[in-house]
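Reading through the structure tokens given below for one structure.
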Amino acid sequence: MKILILGAGGREHTFAHMISHSGKCSELFVAPGNAGTSKIAENVDLKVTDFEAIKDFVLDKKIEMLIVGPEDPLVEGIADFFAQNEQLKNIKLIGPSKRGALLEGSKERAKEFMLMHKIPTAAYESFTEESLEAGKLFMETLDAPYVLKADGLAAGKGVLILDDLEEAKKELEHMLAGKKFGAASTKVVIEEFLDGIELSVFVLTDGKNYKILPTAKDYKRIGEGDTGLNTGGMGAISPVPFADKQFMQKIEERIVKPTVNGLNEEDISYKGFIFIGLIKVNNDPYVIEYNVRMGDPETEVVLPRIKSDLVEVLEKTFDSKLDEVNLEIDDRAATTVMMVSGGYPEAYEKGKEISGLDEVEGSILFHAGTKTEDGKVVTSGGRVIAITSLDNDYKKALKKSYQNAEKLHFDKMYFRKDLGFDLS
Ligand code: AMP
Ligand code: GLY
């Protein structure tokens with residue numbers, strides 16, 4: 001089967017790695033890809049939201065499966081674009097329809113969906129510029145801290161958590177009247193703060209059947225001890241040690257089943273991944289957010305634990321036969337540590353040569369922001385390379401990732417050395 005993966009990060013390199021080991025893949029392309037994917041697939045210079053260009057490429061190369069990595073093309077309706085075109089509709093596209101993708105594309109829609117299908121989440125109300133004063137009054141009824149969420153996609157930056165009521169009111173005004181996040185903050189969801197520990201659950205669904213994939217915990221803050229600015233993710237661990245059987249049962253009954261049933265009831269076509277961000281409060285799970293794709297860097301620890309042939313699993317997903325799949329999971333733990341450019345998530349330099357890549361042993365390197373220049377691998381983004389390791393427990397796996405981190409080098413390289421600090 002000829003397969004195209006859309007995206008350029010560690011998530012997409014991980015998909016490419018898994019698929020390149022499948023007997024079912026004859027030719028693999030990644031658009032636009034990175035230095036890592038170029039070693040195991042052919043990189044194609046396509047923009048992930050340029051549907052016409054993707055169509056031309058897919059038809060020209062006779063692509064049979066398309067895996068959509070990031071959210072933007074999904075929220076813009078790539079699955080509908082394919083489903084509505086006679087020449088494209090049989091290509092096995094993995095990703096939800098536009099209506100499905102709205103669970104990530106609009107925080108308000110996600111909250112309404114949860115309310116409608118009785119899925120546990122924080123209490124909320126949403127406001128626009130016209131209802132700004134009502135929003136301020138609503139905040140007065142809540143206890144600190146105050147959680148403000150831009151309704152639309154804001155590249156992971158649209159959530160503010162503030163301790164001070166007056167400051168929170170000012171920020172609400174900046175978001176609604178000042179368009180702090182542009183069109184994404186035309187509406188703002190204000191919600192109750194949930195105090196607990198976070199984890200993520202990944203679900204693959206064909207719209208009717210589902211499989212729960214391994215859990216993961218990512219480390220979002222730049223600084224050790226979860227301090228400083230939010231990033232795309234500085235590393236991840238799978239499985240999450242505190243997500244025991246009993247807790248997973250609660251997640252399945254209270255969250256996964258009603259989510260898939262809700263999609264069904266609303267007649268939403270959804271063949272793809274659901275990434276459920278959860279918070280555990282007093283042993284009960286609550287949904288913080290839905291994403292309609294796999295997470296990055298969570299993918300770097302979730303997929304390597306799947307022993308079943310990924311292409312076969314995805315084929316069954318598109319064909320609405322996920323119930324026929326017996327998903328085999330590796331019992332070992334997986335960890336990934338993200339090497340980032342100094343300065344990230346604020347301004348950073350690019351084009352730094354990366355050395356030591358060939359010295360890494362016992363871990364897998366998943367490239368994120370890298371490219372090849374004059375035969376050398378150089379940095380091209382804030383998050384540069386994820387080092388994934390597997391071992392009997394997460395501490396052993398982490399040790400391997402950290403040992404290999406010492407072998408890599410680029411100017412101003414930084415990584416967090418405390419992953420898992422909150423788990424023991
Ligand atoms: P989101 O973009 O919705 O995942 O939010 C970003 C981060 O804000 C989450 O990973 C949580 O750490 C935090 N967060 C979001 N909503 C809440 C909430 N209701 N209570 C506590 N923390 C939250
Ligand atoms: N690691 C968080 C995300 O992919 O959204």
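Residue numbering restarts at 1 in every chain; chains get A, B, ... in the order shown in the structure tokens, and ligands count up from 1 in that same order.
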According to DSSP computed on the backbone, where in stretch 40-282 of chain A is there strand (DSSP E)? Give the residues as an NGL selection string. :A and (42-43 or 65-68 or 92-94 or 124-128 or 146-150 or 159-162 or 187-191 or 197-205 or 210-212 or 217-218 or 221-223 or 227-230 or 235-238 or 272-281)
Distance query A:Ile119 at most 12 Å, only C-alpha atoms, self and fewer than 2 positions along chain excluded, as a ChimeraX atom specification: /A:110-117,121-123,250-262,276,278,284-290
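For the pair atom CA of A:Asp218 and atom 4 (O, counted along the ligand's line) of ligand 2, the interatomic distance is 8.8 Å.
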For the interface of chain A with ligand 2 (cut-off 9 Å, counting only C-alpha atoms and all ligand atoms), please tabulate each contacting residue of chain A alongside its nearest pair of atoms and their separation in Å to one decimal, rows sorted by chain and increasing number, as JSON lines.
{"residue": "A:Arg11", "atom": "CA", "partner": "ligand 2", "partner_atom_place_in_ligand_line": "4 (O)", "distance": 8.7}
{"residue": "A:Pro70", "atom": "CA", "partner": "ligand 2", "partner_atom_place_in_ligand_line": "4 (O)", "distance": 8.7}
{"residue": "A:Ala155", "atom": "CA", "partner": "ligand 2", "partner_atom_place_in_ligand_line": "5 (O)", "distance": 8.7}
{"residue": "A:Gly156", "atom": "CA", "partner": "ligand 2", "partner_atom_place_in_ligand_line": "5 (O)", "distance": 6.8}
{"residue": "A:Lys217", "atom": "CA", "partner": "ligand 2", "partner_atom_place_in_ligand_line": "1 (N)", "distance": 8.9}
{"residue": "A:Asp218", "atom": "CA", "partner": "ligand 2", "partner_atom_place_in_ligand_line": "1 (N)", "distance": 6.2}
{"residue": "A:Tyr219", "atom": "CA", "partner": "ligand 2", "partner_atom_place_in_ligand_line": "1 (N)", "distance": 7.9}
{"residue": "A:Lys220", "atom": "CA", "partner": "ligand 2", "partner_atom_place_in_ligand_line": "1 (N)", "distance": 6.9}
{"residue": "A:Thr231", "atom": "CA", "partner": "ligand 2", "partner_atom_place_in_ligand_line": "1 (N)", "distance": 8.3}
{"residue": "A:Gly232", "atom": "CA", "partner": "ligand 2", "partner_atom_place_in_ligand_line": "1 (N)", "distance": 5.4}
{"residue": "A:Gly233", "atom": "CA", "partner": "ligand 2", "partner_atom_place_in_ligand_line": "1 (N)", "distance": 4.8}
{"residue": "A:Met234", "atom": "CA", "partner": "ligand 2", "partner_atom_place_in_ligand_line": "1 (N)", "distance": 8.3}
{"residue": "A:Gly235", "atom": "CA", "partner": "ligand 2", "partner_atom_place_in_ligand_line": "1 (N)", "distance": 8.5}
{"residue": "A:Ala236", "atom": "CA", "partner": "ligand 2", "partner_atom_place_in_ligand_line": "1 (N)", "distance": 8.4}
{"residue": "A:Phe275", "atom": "CA", "partner": "ligand 2", "partner_atom_place_in_ligand_line": "5 (O)", "distance": 8.4}
{"residue": "A:Gly277", "atom": "CA", "partner": "ligand 2", "partner_atom_place_in_ligand_line": "2 (C)", "distance": 8.8}
{"residue": "A:Asn291", "atom": "CA", "partner": "ligand 2", "partner_atom_place_in_ligand_line": "5 (O)", "distance": 7.0}
{"residue": "A:Arg293", "atom": "CA", "partner": "ligand 2", "partner_atom_place_in_ligand_line": "4 (O)", "distance": 8.1}
{"residue": "A:Met294", "atom": "CA", "partner": "ligand 2", "partner_atom_place_in_ligand_line": "4 (O)", "distance": 6.6}
{"residue": "A:Gly295", "atom": "CA", "partner": "ligand 2", "partner_atom_place_in_ligand_line": "4 (O)", "distance": 3.3}
{"residue": "A:Asp296", "atom": "CA", "partner": "ligand 2", "partner_atom_place_in_ligand_line": "4 (O)", "distance": 4.0}
{"residue": "A:Pro297", "atom": "CA", "partner": "ligand 2", "partner_atom_place_in_ligand_line": "1 (N)", "distance": 5.4}
{"residue": "A:Glu298", "atom": "CA", "partner": "ligand 2", "partner_atom_place_in_ligand_line": "1 (N)", "distance": 6.1}
{"residue": "A:Thr299", "atom": "CA", "partner": "ligand 2", "partner_atom_place_in_ligand_line": "4 (O)", "distance": 8.4}
Distance query stretch 379-393 of chain A at most 6 Å, only C-alpha atoms, self and fewer than 2 positions along chain excluded, as a CSV table (one decimal) with N, CA, C and O atoms, in the first residue's frame:
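This is the output file selection-v1.csv:
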chain,number,residue,atom,x,y,z
A,332,ARG,N,5.9,-3.2,28.3
A,332,ARG,CA,6.9,-2.3,28.8
A,332,ARG,C,6.5,-0.8,28.8
A,332,ARG,O,5.5,-0.4,28.1
A,333,ALA,N,7.2,0.0,29.6
A,333,ALA,CA,7.0,1.4,29.6
A,333,ALA,C,7.8,2.1,28.6
A,333,ALA,O,8.9,1.6,28.2
A,334,ALA,N,7.3,3.2,28.1
A,334,ALA,CA,8.0,4.0,27.1
A,334,ALA,C,8.1,5.4,27.7
A,334,ALA,O,7.2,5.9,28.3
A,335,THR,N,9.3,6.0,27.4
A,335,THR,CA,9.5,7.4,27.8
A,335,THR,C,10.1,8.2,26.6
A,335,THR,O,10.8,7.6,25.8
A,336,THR,N,9.8,9.4,26.5
A,336,THR,CA,10.5,10.2,25.5
A,336,THR,C,10.9,11.6,26.1
A,336,THR,O,10.2,12.1,27.0
A,337,VAL,N,12.1,12.0,25.8
A,337,VAL,CA,12.7,13.3,26.3
A,337,VAL,C,12.9,14.1,25.1
A,337,VAL,O,13.6,13.7,24.1
A,338,MET,N,12.4,15.4,25.2
A,338,MET,CA,12.5,16.3,24.0
A,338,MET,C,13.7,17.2,24.2
A,338,MET,O,13.8,17.9,25.2
A,339,MET,N,14.6,17.2,23.1
A,339,MET,CA,15.7,18.1,23.1
A,339,MET,C,15.2,19.4,22.4
A,339,MET,O,14.6,19.3,21.3
A,340,VAL,N,15.3,20.5,23.0
A,340,VAL,CA,14.8,21.8,22.4
A,340,VAL,C,15.9,22.8,22.2
A,340,VAL,O,16.9,22.7,22.8
A,341,SER,N,15.6,23.8,21.4
A,341,SER,CA,16.5,24.9,21.1
A,341,SER,C,16.5,25.9,22.3
A,341,SER,O,15.4,26.2,22.8
A,344,TYR,N,13.5,28.5,23.4
A,344,TYR,CA,12.2,28.0,23.2
A,344,TYR,C,11.4,27.9,24.6
A,344,TYR,O,12.1,27.6,25.5
A,350,LYS,N,17.9,29.0,14.8
A,350,LYS,CA,17.8,27.7,14.0
A,350,LYS,C,19.1,27.5,13.3
A,350,LYS,O,20.1,28.3,13.3
A,351,GLY,N,19.2,26.4,12.6
A,351,GLY,CA,20.4,26.1,11.7
A,351,GLY,C,21.6,25.6,12.5
A,351,GLY,O,22.7,25.6,11.9
A,352,LYS,N,21.4,25.1,13.7
A,352,LYS,CA,22.5,24.6,14.5
A,352,LYS,C,22.8,23.1,14.1
A,352,LYS,O,21.8,22.3,14.1
A,363,SER,N,17.9,3.5,22.2
A,363,SER,CA,16.8,4.4,22.2
A,363,SER,C,16.4,4.7,20.7
A,363,SER,O,17.3,4.4,19.8
A,364,ILE,N,15.3,5.2,20.4
A,364,ILE,CA,14.9,5.6,19.1
A,364,ILE,C,14.8,7.1,19.0
A,364,ILE,O,14.3,7.7,19.9
A,365,LEU,N,15.4,7.7,18.0
A,365,LEU,CA,15.4,9.2,17.9
A,365,LEU,C,14.2,9.5,16.9
A,365,LEU,O,14.1,9.0,15.8
A,366,PHE,N,13.3,10.3,17.4
A,366,PHE,CA,12.2,10.8,16.6
A,366,PHE,C,12.5,12.3,16.3
A,366,PHE,O,12.5,13.1,17.3
A,367,HIS,N,12.8,12.7,15.1
A,367,HIS,CA,13.1,14.0,14.7
A,367,HIS,C,11.8,14.9,14.8
A,367,HIS,O,10.7,14.4,14.3
A,368,ALA,N,11.9,16.1,15.2
A,368,ALA,CA,10.8,17.1,15.2
A,368,ALA,C,11.3,18.3,14.3
A,368,ALA,O,11.1,18.2,13.1
A,369,GLY,N,11.9,19.3,14.9
A,369,GLY,CA,12.4,20.4,14.1
A,369,GLY,C,13.8,20.2,13.6
A,369,GLY,O,14.8,20.7,14.1
A,370,THR,N,14.0,19.4,12.6
A,370,THR,CA,15.3,19.2,11.9
A,370,THR,C,15.2,19.2,10.4
A,370,THR,O,14.1,19.0,9.9
A,395,LYS,N,11.2,4.3,35.0
A,395,LYS,CA,12.4,4.8,35.5
A,395,LYS,C,13.6,4.3,34.7
A,395,LYS,O,14.6,5.0,34.4
A,396,LYS,N,13.6,3.0,34.4
A,396,LYS,CA,14.6,2.4,33.6
A,396,LYS,C,14.6,3.0,32.2
A,396,LYS,O,15.7,3.3,31.6
A,397,ALA,N,13.4,3.2,31.6
A,397,ALA,CA,13.3,3.7,30.3
A,397,ALA,C,13.9,5.1,30.3
A,397,ALA,O,14.7,5.5,29.4
A,401,SER,N,16.9,7.1,28.0
A,401,SER,CA,16.7,8.3,27.3
A,401,SER,C,17.7,9.4,27.7
A,401,SER,O,18.3,10.1,26.9
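Distances from A:Asp56, A:Glu349, A:Asp164, A:Asp309 to A:Cys25 were compared using only C-alpha atoms, and the smallest one belongs to A:Asp309.
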Could you list, as a PyMOL selection string, every residue within 7 Å of A:Pro239, counting only C-alpha atoms and ignoring same-chain residues fewer than 2 positions away? chain A and resi 214-216+237+241+333
Judged by only C-alpha atoms, the minimum distance to A:Glu359 among A:Lys280, A:Lys2, A:Lys208, A:His409 is found for A:His409
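Of the listed residues A:Leu176, A:Ala243, A:Val281, A:Met248, the one whose atoms come nearest to ligand 1 is A:Val281, with distances taken using only C-alpha atoms and all ligand atoms.
Comparing A:Val147, A:Leu204, A:Ile94, A:Met1 by their smallest distance to ligand 1, the closest is A:Val147 (using only C-alpha atoms and all ligand atoms).
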Contacts of A:Ile212 within 8 Å, only C-alpha atoms, excl. fewer than 3 positions in-chain, as a list of chain:residue names: A:Val201, A:Phe202, A:Val203, A:Leu204
A:Leu4 environment, 8 Å, only C-alpha atoms, sequence neighbours closer than 2 positions dropped, as a list in words: Lys2, Leu6, Leu28, Phe29, Val30, Ala31, Val58, Ile63, Met65, Leu66 and Ile67 of chain A
Please extract the residues of stretch 96-258 of chain A with a backbone DSSP assignment of alpha helix (DSSP H) and present them as a PyMOL selection string. chain A and resi 98-105+107-116+132-140+165-176+245-251+257-258
Long-range neighbours of A:Leu93 as JSON, numbers by chain, 12 Å cut-off, only C-alpha atoms, 4 positions minimum in chain: {"A": [3, 4, 5, 6, 58, 63, 64, 65, 66, 67, 68, 69, 73, 74, 77, 78, 79, 80, 81, 82, 83, 88, 89, 97, 206, 269, 270, 271, 272, 273, 311, 314, 315, 316, 317, 318, 319]}
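Among the candidates A:Ser185, A:Arg99, A:Glu27, A:Val292, the residue lying nearest to A:Asp72 is A:Val292 (atoms considered: only C-alpha atoms).
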Nearest-residue call for ligand 1, choices A:Asp267, A:Glu346, A:Glu373, A:Glu191, using only C-alpha atoms and all ligand atoms: A:Glu191
